[in-house]
Amino acid sequence: MMSTQLFNFRKHSWPPDEYVSRATLQLLDFDGGAPPEQAWRRRLSSHANILKEFSVTFMEAIRMMHLGIRLWSYVRKEASQGRKAPIDPFTRERCKPSASLGVPLGGMGSGSISRGFRGEFKNWQIIPGSCELSPVMANQFSIFISRNGGNKRYSSVLAPGQHEGIEKFGDQGISSWDWNLSGQHSTYHALFPRAWTIYDGEPDPDLKISCRQISPFIPHDYRESSLPASVFVYTLVNSGRERAKVSLLMTWANSIGGISHQSGGHINEPFIGRDGVSGVLLHHKTANDNPHVTFAIAACETQNVSVTVLPSFGLSGESCVTARDMWGTMVQDGCFDWENFNAGPCMPCLPGETLCAAVSASTWVEPHAKCTIAFALAWSSPKVKFQKGGAYHRRYTKFYGTSERSAVDLVHDALTKYKWWEEEIEKWQSPILKDERLPEWYKFTLFNELYFLVAGGTVWIDGGSIAEENTCQNNSTIIMNKDARIMSTENSSMDLMAEHSAACTGMENADANGVPGSLISQDNSYDVGRFLYLEGVEYVMWCTYDVHFYASYALLYLFPKIELSIQRDFARAVLFEDRRKVKFLASGTWGIRKVKGAVPHDLGMHDPWYEMNAYNIHDTSRWKDLNSKYVLQVYRDFAATGDMSFGRDVWPAVCAAMEYVERFDRDGDGLIENDGFPDQTYDTWTTHGVSAYCGCLWLASLQAAAAMAHHLGDTAFAEKFQIKFLKAKPVFEAKLWNGSYFNYDSGMSRNSRSIQADQLAGQWYTASSGLPSLFDDTKIRSTLQKIYDFNVMKVRGGRIGAVNGMFPNGRVNDHCMQSREIWTGVTYSVAATMLLAGMEHQAFTTAEGIFTAGTGSRPQKHGQLMGTTDPLCTCVRWLFGPCNGPCHLQKQFSRLPNLVQTESTHRRFMQEP
C-alpha cells in the first residue's frame, strides 16, 4: 500500500512563475473558465525548441550500412507502386520536429488534428496513416473589441508573434491581419482532454479572456468518445469601467493539411441549424481517391450572442472576397452581413486557390460583468479506405450515419452537450487531482500522456468492410478480398480448436472470413467495433504488439471493451498463416509473412487484419518476446475484467502461442534461448542464449497460462505449464543471477554482464495481474535497487530516467544504440515495478526523471516528452544524407500501479547520456 505521506515534501514541484495571477483566476472562475491548478502550463510568448536528433557512432553506421541500402531499395519499390513504406527515413519533412504541441482535438479513431500551445492547428491525421505536420496558419481565433462608442478599439489574432511576410506590401492574405498579441501575459494550460488559454489583459488591458478547449474523451463511453468534434468556450470578463462590444472570429481553411487546399474542387456553404447553432460547412475534395471530408465550424447564438458568417474568402487578390477584405469588415463592423446565410454553396475553387470560411460571434459585456461564447469544430469523414484493403465506416457513423452533412449534427451536439462532457471528465479526473499524496507533475503527466489515443494515429471502425464482395472461402484456403491474397488454413486453426475443445466449446464454427465463430461475440455489450492505433506517425504500423505491451494499460482501464477487441484480433491472427514471401531487410533473407502460432509484430499497414507484419526488418516469427507478451496481456485482461467469455474465446490462441514458443527451448531445460540476433523489441541489441528480458517474460507467461487454464477448467494444461515453470525458474536463476541482479544474457561477451533496466518486465506483469512473484523479494528488491543506483542515478544524477543498459563499472552500455538509449515507457514500467515492490521513493524519483528530461526547468511541451529521431533513421541519414524530419516517435506506455488507473507516454525517449 502507498504511504499517506508519499512525496508530500515535493507536492509543489511546478514553477510558480508559470501560472496566472490569483486575481485573474478569481475573475475567470465562471462557467469553467478558470483552469485547474494541476495542469501543464506555459506562456504563449515561449518559443518551441527545435529538438535534438540522436547521434550514432561511426561503427554503428558501418554495421547498419547493408540494412540502409536494402531499406532504401524497399522504400523506392513501394513508392513506385503508389504506396508508403512503413519505415521511411529518406523522405524530407516540411518542418523539423519541435516542442510545440498541445492537447489534440476530437475523440478517438475518427482522424485527429493537434493544436499547439501557441494556438496553431497542426499534425493533421484525417487520412489513416498520413500525418501533415505543418500548421495551417489561416485556421485561427481572433478578437475585435470596441469601447467608448468606437473611440477605443482593439483587434488581434489570438496567437502570438508576427506571421512570416507580415510587412509585405499589398498582401491580400493572412499577413494583412493584426498579429498584435505578444503572449507575455497569456498562458496555456493542458489537462487532457481539455486545455485552457488565458489572455490576461491581452489585447485589451481591461478584458480577461479564457478559451477552454473540450473534446469528448470520456472513459467507458463508447459513443461520445468516438466523435470527431471539439468545443472552444470563451469566457469574457470586463474589468473596466466601460461596456465593451466583443466579437470573436473563427477562420478555417478548406484543407486537411499540407498542400491539400491547392487541389481544387472544394466547396463552402453556410447553414442554420437547430437551437441557435449556425456556421459553415467546408466540403473538401480529397486527392488520390481518398474518402471525402467535410468540416463544420459553428457558434451558438443565444439571447446575448449573435452569430454571422462569411461562407468563403480567399488568400489572394484574385478572390472575390480576400482575407484582407474580411478582416477590414470585422474591424469596422464586428460582424458579417446576415444575408450571407442565404448564399448557398459557393462555386468549386480552382486548383491553387485557398478557400476559407469565417464565423463571427458578437456580444456586449457590461462593466464588471461576464459572458460566455461557444464555438465548435467537427469533421465528417465517414469512410476509412486502406491502400490495399477494403473500406470501412468509422465508429461515429453508427450514431450519426454516413452523410457528409452529419457534420452539422456533430457541431450541434458538441455545443449542446459539452457541459455534460465536462462533468463526466471531472468525475474521472477529480479523485486523482485531489489526491494530496501525489506530486503535481505526476497528476497532469498522467492525463496528458493519454494524447496518443487521439493524436497517435487511431482508427475506430464500426464493423466489417463496406465492399459488397470481399471474401470467399473453400475447404483448404481462404481468399481475402478481391486481389487473391491467400492465407493457408490447412491443419491450422481448426485442428488447434479441436485439440482444446474440452476447454473451449463452440469453436468449431467460423464466419465468412474463416474467423473462429466464438471470437465474434453474440453479446451486444461487446459491440464496440474494431480499433487500430499506430506505433508512431513515422513508423506506420497498426497495433504494434511489443509496444501494445506497454500501451495497453490505458485501454484496459479506460476502454476495456476496446482492449478486449484488440486481443481478439490478435487471437485470430495467432491461428492463421500467410505464406507469401517477404524479404527481411536486416539479413537479406526471405521468409513467409505470417507463421501459424506466432504472434504478429503488428496488424499490418496497407490492409490491416489481413496482411499483417508490415515490419520487415527482422523475421518476427523468430522473436522471443511477442508470444509471451500476448499470453501475459490476455491473462491480465482476463483477470482484470473477469470475463469468462473472453477467456474461453482466446484460449486456443493462448495455447497455440505457448506451444509455438516452446520450440525455442532447444536444450530441454525449460527455458527458451535467444538466437544471437536482435530477436525481441530491442531490435538492434543482440542477445545470446538465455536472456533476462525474454526469459523473465517466458517465466511469467508460464505462470499466467497455468493460472488461466485453471480458471477455464483445463487442468491438463494448467498442470503442464506449472511443471514447466517450476523446472525453468531455477535454471533461469542459475544461469543469470549474479548476486545482485540478473545478467543481460548467458553469453560470454562484455555485453552479457549488462544491467538492463527492463530485466524484470515479466515480474511487472506478474505483480500487476495478482500472480505470485517470480522470484523471492530479496532478489526483486536487489535487482531494482541496482537498476536505480546504476541505470537511473549514474546518468545525469537521475534527472532523465533509466538508461536501457549499464555496465557493472558504472558506465553506460555502448554496445549498440538501444543499449544507450532511454525509453520512456521502460522507465515508467521500471518505476511501476519498484512501486509494487514497496520502493516508493525510488519509483517516483525514477519516473520524475523522465518528466524532468522532457521539460527541463520548464515544460517543453504537453503530451510528447522531449522527442528525438529514431537511431535507425539517423544512421541511414548519416550514410545517405539528411531528411530534416522527425522519425520514430514510437509509443511505449506503462502504468504505476496502486496509484492511478492508467499511465502512458512515448515508447522511446531517446537522449544520448
# chains A, B, ... in the order shown; residues from 1 in each chain; ligands from 1
call {"tool": "residues_around", "arguments": {"residues": "Leu158 of chain A", "least_positions_apart": "4", "cutoff": "7 Å", "atoms": "only C-alpha atoms", "output": "PyMOL selection string"}}
result
chain A and resi 141-143+181
call {"tool": "residues_around", "arguments": {"residues": "segment 305-312 of chain A", "least_positions_apart": "5", "cutoff": "6 Å", "atoms": "only C-alpha atoms", "output": "NGL selection string"}}
result
:A and (269-270 or 280 or 336 or 338 or 356-363)
call {"tool": "write_last_selection", "arguments": {"atoms": "N, CA and C atoms", "output": "CSV table (one decimal), in the first residue's frame"}}
result
chain,number,residue,atom,x,y,z
A,269,GLU,N,-20.4,26.2,-47.8
A,269,GLU,CA,-21.8,26.6,-47.8
A,269,GLU,C,-22.2,26.9,-46.3
A,270,PRO,N,-23.0,28.0,-46.2
A,270,PRO,CA,-23.5,28.3,-44.8
A,270,PRO,C,-24.6,27.4,-44.4
A,280,VAL,N,-20.7,27.3,-41.0
A,280,VAL,CA,-20.3,27.0,-42.4
A,280,VAL,C,-19.8,25.5,-42.5
A,336,PHE,N,-20.6,40.1,-39.9
A,336,PHE,CA,-20.8,40.0,-41.3
A,336,PHE,C,-22.3,40.2,-41.6
A,338,TRP,N,-25.9,39.4,-42.4
A,338,TRP,CA,-26.7,38.3,-42.0
A,338,TRP,C,-27.3,37.6,-43.3
A,356,CYS,N,-11.4,29.7,-47.8
A,356,CYS,CA,-11.6,29.7,-46.4
A,356,CYS,C,-13.0,30.2,-46.0
A,357,ALA,N,-13.3,30.0,-44.7
A,357,ALA,CA,-14.6,30.5,-44.2
A,357,ALA,C,-14.4,31.1,-42.8
A,358,ALA,N,-15.4,31.8,-42.4
A,358,ALA,CA,-15.3,32.5,-41.1
A,358,ALA,C,-16.7,32.5,-40.4
A,359,VAL,N,-16.6,32.4,-39.1
A,359,VAL,CA,-17.8,32.5,-38.2
A,359,VAL,C,-17.5,33.5,-37.2
A,360,SER,N,-18.4,34.5,-37.0
A,360,SER,CA,-18.3,35.5,-36.0
A,360,SER,C,-19.4,35.4,-35.0
A,361,ALA,N,-19.0,35.6,-33.7
A,361,ALA,CA,-20.0,35.7,-32.6
A,361,ALA,C,-19.7,37.0,-31.8
A,362,SER,N,-20.8,37.8,-31.7
A,362,SER,CA,-20.6,39.1,-31.0
A,362,SER,C,-21.5,39.2,-29.8
A,363,THR,N,-21.0,40.0,-28.9
A,363,THR,CA,-21.8,40.3,-27.7
A,363,THR,C,-21.4,41.6,-27.0
call {"tool": "atom_distance", "arguments": {"atom1": "atom CA of Cys816 of chain A", "atom2": "atom CA of Met59 of chain A"}}
result
9.4 Å
call {"tool": "closest_atom_pairs", "arguments": {"of": "segment 707-796 of chain A", "to": "segment 681-693 of chain A", "cutoff": "12 Å", "atoms": "only C-alpha atoms", "output": "Markdown table"}}
result
| residue | atom | partner | partner_atom | distance |
| --- | --- | --- | --- | --- |
| A:Ala728 | CA | A:Val690 | CA | 11.0 |
| A:Lys729 | CA | A:Ala692 | CA | 11.8 |
| A:Val731 | CA | A:Val690 | CA | 9.6 |
| A:Phe732 | CA | A:Val690 | CA | 7.6 |
| A:Glu733 | CA | A:Ala692 | CA | 9.6 |
| A:Ala734 | CA | A:Val690 | CA | 10.8 |
| A:Lys735 | CA | A:Val690 | CA | 7.6 |
| A:Leu736 | CA | A:Ala692 | CA | 7.1 |
| A:Trp737 | CA | A:Ala692 | CA | 9.2 |
| A:Asn738 | CA | A:Ala692 | CA | 11.8 |
| A:Tyr741 | CA | A:Ala692 | CA | 9.7 |
| A:Phe742 | CA | A:Ala692 | CA | 6.2 |
| A:Asn743 | CA | A:Ala692 | CA | 6.4 |
| A:Tyr744 | CA | A:Ala692 | CA | 5.3 |
| A:Asp745 | CA | A:Ser691 | CA | 4.0 |
| A:Ser746 | CA | A:Val690 | CA | 5.3 |
| A:Gly747 | CA | A:His688 | CA | 5.3 |
| A:Met748 | CA | A:His688 | CA | 8.6 |
| A:Ser749 | CA | A:His688 | CA | 9.1 |
| A:Arg750 | CA | A:Thr687 | CA | 11.8 |
| A:Asn751 | CA | A:Thr687 | CA | 8.9 |
| A:Ser752 | CA | A:Thr687 | CA | 8.1 |
| A:Arg753 | CA | A:Ala692 | CA | 10.6 |
| A:Ser754 | CA | A:Ala692 | CA | 10.1 |
| A:Ile755 | CA | A:Ala692 | CA | 9.6 |
| A:Gln756 | CA | A:Ala692 | CA | 8.1 |
| A:Ala757 | CA | A:Tyr693 | CA | 9.4 |
| A:Asp758 | CA | A:Tyr693 | CA | 6.5 |
| A:Gln759 | CA | A:Tyr693 | CA | 4.7 |
| A:Leu760 | CA | A:Tyr693 | CA | 6.9 |
| A:Ala761 | CA | A:Tyr693 | CA | 6.8 |
| A:Gly762 | CA | A:Tyr693 | CA | 7.7 |
| A:Gln763 | CA | A:Tyr693 | CA | 10.3 |
| A:Trp764 | CA | A:Tyr693 | CA | 11.6 |
| A:Thr783 | CA | A:Ala692 | CA | 11.5 |
call {"tool": "closest_atom_pairs", "arguments": {"of": "segment 775-858 of chain A", "to": "segment 535-558 of chain A", "cutoff": "9 Å", "atoms": "only C-alpha atoms", "output": "JSON lines"}}
result
{"residue": "A:Gly825", "atom": "CA", "partner": "A:Tyr550", "partner_atom": "CA", "distance": 6.6}
{"residue": "A:Val826", "atom": "CA", "partner": "A:Tyr550", "partner_atom": "CA", "distance": 8.0}
{"residue": "A:Ser829", "atom": "CA", "partner": "A:Tyr550", "partner_atom": "CA", "distance": 7.7}
call {"tool": "write_last_selection", "arguments": {"atoms": "all heavy atoms", "output": "mmCIF file, in the first residue's frame"}}
result
data_model
loop_
_atom_site.group_PDB
_atom_site.id
_atom_site.type_symbol
_atom_site.label_atom_id
_atom_site.label_comp_id
_atom_site.auth_asym_id
_atom_site.auth_seq_id
_atom_site.Cartn_x
_atom_site.Cartn_y
_atom_site.Cartn_z
ATOM 1 N N GLY A 825 8.732 4.539 -21.859
ATOM 2 C CA GLY A 825 7.824 3.513 -21.376
ATOM 3 C C GLY A 825 8.508 2.513 -20.481
ATOM 4 O O GLY A 825 7.947 2.059 -19.479
ATOM 5 N N VAL A 826 9.743 2.163 -20.805
ATOM 6 C CA VAL A 826 10.506 1.244 -19.956
ATOM 7 C C VAL A 826 10.768 1.893 -18.600
ATOM 8 O O VAL A 826 10.643 1.250 -17.550
ATOM 9 C CB VAL A 826 11.825 0.851 -20.642
ATOM 10 C CG1 VAL A 826 12.740 0.104 -19.678
ATOM 11 C CG2 VAL A 826 11.540 -0.017 -21.863
ATOM 12 N N SER A 829 7.671 1.636 -16.618
ATOM 13 C CA SER A 829 7.383 0.267 -16.184
ATOM 14 C C SER A 829 8.326 -0.148 -15.064
ATOM 15 O O SER A 829 7.921 -0.864 -14.131
ATOM 16 C CB SER A 829 7.476 -0.696 -17.360
ATOM 17 O OG SER A 829 8.802 -0.822 -17.826
#
call {"tool": "closest_atom_pairs", "arguments": {"of": "segment 630-662 of chain A", "to": "segment 596-604 of chain A", "cutoff": "8 Å", "atoms": "only C-alpha atoms", "output": "CSV"}}
result
residue,atom,partner,partner_atom,distance
A:Tyr630,CA,A:Val599,CA,7.3
A:Ala653,CA,A:Gly597,CA,7.6
A:Ala656,CA,A:Gly597,CA,5.3
A:Ala657,CA,A:Gly597,CA,5.3
A:Glu659,CA,A:Gly597,CA,7.7
A:Tyr660,CA,A:Gly597,CA,5.4
A:Val661,CA,A:Ala598,CA,7.7
call {"tool": "closest_residue", "arguments": {"among": "A:Pro135, A:Gly457, A:Gly642, A:Gly129", "to": "His711 of chain A", "atoms": "only C-alpha atoms"}}
result
A:Gly642
call {"tool": "select_by_dssp", "arguments": {"residues": "segment 56-141 of chain A", "states": "strand (DSSP E or B)", "output": "PyMOL selection string"}}
result
chain A and resi 87+98+105+110+112-115+121-125+132+140-141
call {"tool": "closest_residue", "arguments": {"among": "A:Phe217, A:Phe58, A:Tyr154, A:Trp823", "to": "Leu450 of chain A", "atoms": "only C-alpha atoms"}}
result
A:Phe217
call {"tool": "closest_atom_pairs", "arguments": {"of": "segment 547-652 of chain A", "to": "segment 669-673 of chain A", "cutoff": "12 Å", "atoms": "only C-alpha atoms", "output": "JSON lines"}}
result
{"residue": "A:Arg622", "atom": "CA", "partner": "A:Glu673", "partner_atom": "CA", "distance": 10.8}
{"residue": "A:Trp623", "atom": "CA", "partner": "A:Glu673", "partner_atom": "CA", "distance": 10.4}
{"residue": "A:Lys624", "atom": "CA", "partner": "A:Ile672", "partner_atom": "CA", "distance": 7.7}
{"residue": "A:Asp625", "atom": "CA", "partner": "A:Ile672", "partner_atom": "CA", "distance": 10.1}
{"residue": "A:Asn627", "atom": "CA", "partner": "A:Ile672", "partner_atom": "CA", "distance": 11.7}
{"residue": "A:Ser628", "atom": "CA", "partner": "A:Ile672", "partner_atom": "CA", "distance": 10.8}
call {"tool": "write_last_selection", "arguments": {"atoms": "N, CA and C atoms", "output": "PDB file, in the first residue's frame"}}
result
ATOM      1  N   ARG A 622      10.584 -15.309 -35.315  1.00  0.00           N
ATOM      2  CA  ARG A 622      11.692 -15.826 -34.509  1.00  0.00           C
ATOM      3  C   ARG A 622      11.935 -14.972 -33.268  1.00  0.00           C
ATOM      4  N   TRP A 623      11.136 -13.950 -33.070  1.00  0.00           N
ATOM      5  CA  TRP A 623      11.281 -13.144 -31.854  1.00  0.00           C
ATOM      6  C   TRP A 623      10.826 -13.954 -30.649  1.00  0.00           C
ATOM      7  N   LYS A 624      11.465 -13.690 -29.498  1.00  0.00           N
ATOM      8  CA  LYS A 624      11.217 -14.494 -28.305  1.00  0.00           C
ATOM      9  C   LYS A 624      10.337 -13.802 -27.270  1.00  0.00           C
ATOM     10  N   ASP A 625       9.865 -12.605 -27.575  1.00  0.00           N
ATOM     11  CA  ASP A 625       9.074 -11.907 -26.566  1.00  0.00           C
ATOM     12  C   ASP A 625       7.604 -11.744 -26.929  1.00  0.00           C
ATOM     13  N   ASN A 627       5.142 -13.713 -28.192  1.00  0.00           N
ATOM     14  CA  ASN A 627       4.176 -14.702 -27.719  1.00  0.00           C
ATOM     15  C   ASN A 627       3.982 -14.625 -26.215  1.00  0.00           C
ATOM     16  N   SER A 628       5.079 -14.462 -25.486  1.00  0.00           N
ATOM     17  CA  SER A 628       4.967 -14.322 -24.030  1.00  0.00           C
ATOM     18  C   SER A 628       4.171 -13.075 -23.671  1.00  0.00           C
TER      19      SER A 628
END
call {"tool": "atom_distance", "arguments": {"atom1": "atom CA of Gly116 of chain A", "atom2": "atom CA of Ser100 of chain A"}}
result
5.4 Å
call {"tool": "closest_residue", "arguments": {"among": "A:Phe144, A:Trp651, A:Trp420, A:Phe807", "to": "His710 of chain A", "atoms": "only C-alpha atoms"}}
result
A:Trp651
call {"tool": "select_by_dssp", "arguments": {"residues": "segment 38-89 of chain A", "states": "alpha helix (DSSP H)", "output": "number ranges by chain"}}
result
A: 58-63, 65-80
call {"tool": "closest_residue", "arguments": {"among": "A:Gly801, A:Gly647, A:Gly258, A:Gly273", "to": "Ala709 of chain A", "atoms": "only C-alpha atoms"}}
result
A:Gly647
call {"tool": "closest_residue", "arguments": {"among": "A:Met612, A:Thr824, A:Tyr188, A:Ser225", "to": "Arg580 of chain A", "atoms": "only C-alpha atoms"}}
result
A:Met612
call {"tool": "residues_around", "arguments": {"residues": "Gly314 of chain A", "least_positions_apart": "5", "cutoff": "10 Å", "atoms": "only C-alpha atoms", "output": "JSON, numbers by chain"}}
result
{"A": [172, 173, 174, 253, 319, 320, 321, 322, 323, 324, 325, 326, 349, 353, 354, 355, 356, 357]}
call {"tool": "write_last_selection", "arguments": {"atoms": "all heavy atoms", "output": "CSV table (one decimal), in the first residue's frame"}}
result
chain,number,residue,atom,x,y,z
A,172,GLN,N,-2.8,40.3,-49.7
A,172,GLN,CA,-4.2,40.1,-49.5
A,172,GLN,C,-4.6,38.9,-48.6
A,172,GLN,O,-5.7,38.6,-48.4
A,172,GLN,CB,-4.9,39.9,-50.9
A,172,GLN,CG,-4.7,41.1,-51.8
A,172,GLN,CD,-5.4,42.4,-51.3
A,172,GLN,OE1,-6.5,42.3,-50.9
A,172,GLN,NE2,-4.6,43.4,-51.3
A,173,GLY,N,-3.5,38.3,-48.1
A,173,GLY,CA,-3.7,37.1,-47.2
A,173,GLY,C,-3.7,37.4,-45.8
A,173,GLY,O,-3.9,38.5,-45.3
A,174,ILE,N,-3.4,36.4,-45.0
A,174,ILE,CA,-3.5,36.5,-43.5
A,174,ILE,C,-2.3,37.3,-43.0
A,174,ILE,O,-2.4,37.8,-41.8
A,174,ILE,CB,-3.4,35.1,-42.9
A,174,ILE,CG1,-2.1,34.4,-43.2
A,174,ILE,CG2,-4.6,34.3,-43.3
A,174,ILE,CD1,-2.0,33.0,-42.4
A,253,ALA,N,-9.6,27.2,-43.1
A,253,ALA,CA,-9.3,26.9,-44.5
A,253,ALA,C,-9.8,25.5,-44.8
A,253,ALA,O,-9.9,24.6,-44.0
A,253,ALA,CB,-7.8,26.9,-44.7
A,319,SER,N,-9.4,36.5,-55.5
A,319,SER,CA,-10.6,36.1,-54.8
A,319,SER,C,-11.6,37.3,-54.8
A,319,SER,O,-11.2,38.5,-54.7
A,319,SER,CB,-10.3,35.7,-53.4
A,319,SER,OG,-9.3,34.7,-53.4
A,320,CYS,N,-12.9,36.9,-54.9
A,320,CYS,CA,-13.9,37.9,-54.8
A,320,CYS,C,-13.9,38.7,-53.5
A,320,CYS,O,-14.0,39.9,-53.4
A,320,CYS,CB,-15.3,37.3,-55.0
A,320,CYS,SG,-15.6,36.6,-56.6
A,321,VAL,N,-13.7,37.9,-52.4
A,321,VAL,CA,-13.5,38.5,-51.0
A,321,VAL,C,-12.2,38.0,-50.5
A,321,VAL,O,-12.0,36.7,-50.4
A,321,VAL,CB,-14.6,38.1,-50.1
A,321,VAL,CG1,-14.4,38.7,-48.7
A,321,VAL,CG2,-16.0,38.6,-50.6
A,322,THR,N,-11.3,38.8,-50.2
A,322,THR,CA,-9.9,38.4,-49.8
A,322,THR,C,-9.9,38.4,-48.3
A,322,THR,O,-10.8,38.9,-47.6
A,322,THR,CB,-8.8,39.4,-50.3
A,322,THR,OG1,-9.0,40.6,-49.7
A,322,THR,CG2,-8.9,39.5,-51.8
A,323,ALA,N,-8.8,37.8,-47.8
A,323,ALA,CA,-8.6,37.8,-46.3
A,323,ALA,C,-8.5,39.2,-45.8
A,323,ALA,O,-8.9,39.5,-44.7
A,323,ALA,CB,-7.3,37.0,-46.0
A,324,ARG,N,-7.9,40.1,-46.5
A,324,ARG,CA,-7.8,41.5,-46.1
A,324,ARG,C,-9.2,42.1,-46.0
A,324,ARG,O,-9.5,42.9,-45.1
A,324,ARG,CB,-6.9,42.3,-47.1
A,324,ARG,CG,-6.8,43.8,-46.7
A,324,ARG,CD,-6.0,44.5,-47.8
A,324,ARG,NE,-4.6,44.2,-47.8
A,324,ARG,CZ,-3.7,44.9,-47.0
A,324,ARG,NH1,-4.1,45.9,-46.2
A,324,ARG,NH2,-2.4,44.6,-47.1
A,325,ASP,N,-10.0,41.9,-47.0
A,325,ASP,CA,-11.4,42.4,-47.0
A,325,ASP,C,-12.1,41.9,-45.8
A,325,ASP,O,-12.8,42.7,-45.1
A,325,ASP,CB,-12.1,42.0,-48.3
A,325,ASP,CG,-11.5,42.5,-49.6
A,325,ASP,OD1,-10.8,43.6,-49.5
A,325,ASP,OD2,-11.6,41.9,-50.6
A,326,MET,N,-12.0,40.6,-45.6
A,326,MET,CA,-12.8,40.0,-44.4
A,326,MET,C,-12.3,40.7,-43.1
A,326,MET,O,-13.2,41.1,-42.3
A,326,MET,CB,-12.5,38.5,-44.4
A,326,MET,CG,-13.2,37.8,-43.2
A,326,MET,SD,-12.4,37.8,-41.6
A,326,MET,CE,-10.8,37.1,-42.0
A,349,CYS,N,-13.7,25.8,-55.9
A,349,CYS,CA,-12.5,26.6,-56.1
A,349,CYS,C,-11.5,25.9,-57.1
A,349,CYS,O,-11.6,24.7,-57.4
A,349,CYS,CB,-11.7,26.7,-54.8
A,349,CYS,SG,-11.0,25.2,-54.1
A,353,GLU,N,-6.0,27.7,-55.6
A,353,GLU,CA,-6.7,28.6,-54.7
A,353,GLU,C,-6.9,28.0,-53.3
A,353,GLU,O,-7.0,26.8,-53.2
A,353,GLU,CB,-8.1,28.9,-55.3
A,353,GLU,CG,-8.1,29.8,-56.5
A,353,GLU,CD,-9.5,30.2,-57.0
A,353,GLU,OE1,-10.4,29.5,-56.5
A,353,GLU,OE2,-9.6,31.1,-57.8
A,354,THR,N,-6.9,28.9,-52.3
A,354,THR,CA,-7.2,28.5,-50.9
A,354,THR,C,-8.5,29.1,-50.5
A,354,THR,O,-8.7,30.3,-50.5
A,354,THR,CB,-6.1,29.0,-50.0
A,354,THR,OG1,-4.8,28.5,-50.4
A,354,THR,CG2,-6.4,28.6,-48.6
A,355,LEU,N,-9.5,28.2,-50.3
A,355,LEU,CA,-10.8,28.6,-49.9
A,355,LEU,C,-11.0,28.5,-48.4
A,355,LEU,O,-10.7,27.5,-47.8
A,355,LEU,CB,-11.8,27.7,-50.6
A,355,LEU,CG,-13.3,28.0,-50.4
A,355,LEU,CD1,-13.6,29.3,-51.1
A,355,LEU,CD2,-14.1,26.9,-51.1
A,356,CYS,N,-11.4,29.7,-47.8
A,356,CYS,CA,-11.6,29.7,-46.4
A,356,CYS,C,-13.0,30.2,-46.0
A,356,CYS,O,-13.7,30.6,-46.9
A,356,CYS,CB,-10.5,30.7,-45.8
A,356,CYS,SG,-8.8,30.4,-46.2
A,357,ALA,N,-13.3,30.0,-44.7
A,357,ALA,CA,-14.6,30.5,-44.2
A,357,ALA,C,-14.4,31.1,-42.8
A,357,ALA,O,-13.4,30.9,-42.2
A,357,ALA,CB,-15.6,29.3,-44.1
